[in-house]
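Participant: Have a look at this one before I ask anything.
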Amino acid sequence: MVSNFTQLLKARYEDKLDEDGIKYINFASDAAHRMQELVDDLLEYSRIGDIDEKLDHLDCKNTLVYIQDNLRKQISSRNANISFESRVSTVFANPVRFSRVLQNLIGNSIKYCDHDTAPAIQVAVKELDDAWVVSVKDNGIGMKQEYCEQIFLPFKRLHGRSGYPGSGMGLAICRKLIESAGGKIWATSKIGEGSSFHFTIPRIPFAEEIEKEQAA
Amino acid sequence: MTESGARLIEILLIEDNPGDVILTQEAFKSANIGNNIEVVVDGEQALDYLHKRGSYAEAKTPDIILLDLNIPKKDGREVLEEIKQDQHLRRIPIVILTSSKAENDVAVSYGLHANCYMVKPPSLESFRDIVGAIENFWFSIVVLPSESATNLTHDKTC
């Protein structure tokens, strides 16, 4: 509502306002937009515990197709390339958590990339005895190693609002999604040399067999 | 309304929200004491400014620092801690000006030797009141050490 009326105010009275007046309206509508984003993200963060815990066999390539479809606007405007090279083709995980985290990480890789570089993102999955390790590697702006842990804290941001806007909740949401499913999430990075984000999905002994039997 | 020749009060505002920057600047414009506000938008910039590093080689040491807690890169708590560990910088009064009302933030800030903690008010009028209070308290009521005096007091060599 705040957003609608500030926009209406701007549309209707822009020619009657001086430079300061227009600046104030822009601040108001930006703030309303940010507040909406923050409320949405906080709601998502607080509802993570309510996710249906059902696990399923997920085809990684299909999940990536779904994610690319969701992110098609960002992908086409930045001319981003997302590749998947992995011998592992499926994971046994919760579909909501898996796709949400992967989409968030890929979205970040597109966003935190130099504006004159086309984002190149590599997704890979490794299978260990007790977990799958999913990695998202990019050619983005990177960050100092000292921030690689802090960025998973709620509201932690490394950039001012003008260059890379956002609520600072994205990676906190990812961490909660992964850790509440028993996994871990971490990042490695260097300024100017891109970042790699990794998360694990625990392989619960016999869970897949039980699931198969129940299905049968 | 400055007396001619009076030195301007140097204020360092460490704040990443452009809206709050404008509000603070506007409020200080109507202050009774002549002042100059410098703005930095994240914790690393703030420390570069205070240590006069890089492009801040010519920066003036501020008379007071207004510090937001949730800022990019190094956050306000880290900035506060570093300033208060520095022999020369720690005499500068630091006013925490944040939207956080969390008890923990208040406790941590005072624990790290913040000089006072203020919550950003929701209305423009009270924002002006707060800025007025900062100005009145720190620059009319309180006596602060002069720069030359500070260097005398704490340079104890071991």
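If you're wondering about the labels, chains in the structure tokens are A, B, ... by order shown, residues count from 1 in each chain, ligands from 1 in order shown.
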Could you work out which residues of chain B fall inside 7 Å of chain A? Count only C-alpha atoms, and format the result as a PyMOL selection string.
Facilitator: chain B and resi 16+19+41+72-73
Participant: Apply DSSP to the structure's backbone, then extract all residues of region 66-126 of chain B labelled alpha helix (DSSP H) and return them as a ChimeraX atom specification.
Facilitator: /B:76-85,103-111,124-126
Participant: Excluding same-chain residues fewer than 4 positions from Tyr56 (chain B), what lies within 10 Å of it counting only C-alpha atoms, as a list in words?
Facilitator: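 My list of contacting residues is Gln45, Ala46, Leu47, Asp48, Tyr49, Leu50, His51, Lys52 and Lys60 of chain B.
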Participant: Measuring atom to atom with only C-alpha atoms, identify which of B:Ile130, B:Ile96, B:Ile11, B:Leu80 is nearest to Tyr117 (chain B).
Facilitator: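 Checking each of B:Ile130, B:Ile96, B:Ile11, B:Leu80 against Tyr117 (chain B), counting only C-alpha atoms, the winner is B:Ile96.
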Participant: So which one's closest to Gly183 (chain A), A:Ala215, A:Leu9, A:Ala120, A:Ala93? Using only C-alpha atoms, please.
Facilitator: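 Closest to Gly183 (chain A), using only C-alpha atoms: A:Ala93.
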Participant: Write out as a list in words the residues lying within 12 Å of His33 (chain A), counting only C-alpha atoms and excluding same-chain residues fewer than 3 positions away.
Facilitator: Met1, Val2, Ser3, Asn4, Thr6, Gln7, Asn26, Phe27, Ala28, Ser29, Asp30, Gln36, Glu37, Leu38, Val39, Asp40, Pro165, Gly166 and Ser167 of chain A
Participant: DSSP on the backbone, then: every residue of chain B marked strand (DSSP E or B), written as a ChimeraX atom specification.
Facilitator: /B:9-14,35-40,64-67,94-98,116-119
Participant: Excluding Gly49 (chain A) and its own-chain neighbours fewer than 5 positions away, which residues fall within 10 Å of it when counting only C-alpha atoms? Please give them as a PyMOL selection string.
Facilitator: chain A and resi 44+176-177+180-181
Participant: Find the residues around Lys54 (chain A) up to 10 Å (only C-alpha atoms counted), leave out those fewer than 5 positions away in its own chain, and share them as an NGL selection string.
Facilitator: :A and (93-96 or 211)
Participant: Between A:Met35, A:Val91, A:Leu42, A:Ile106, which one has atoms that come closest to Asn62 (chain A), using only C-alpha atoms?
Facilitator: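 Nearest to Asn62 (chain A): A:Val91.
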Participant: To one decimal in Å, tell me the separation between CA of Gly43 (chain B) and CA of Ile71 (chain B).
Facilitator: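 Value for the CA of Gly43 (chain B)-CA of Ile71 (chain B) distance: 6.5 Å.
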Participant: Restricting the calculation to only C-alpha atoms, which member of A:Asp18, A:Asp138, A:Glu149, A:Glu213 is positioned closest to Trp186 (chain A)?
Facilitator: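 Looking only at the distances to Trp186 (chain A), the closest residue turns out to be A:Glu149.
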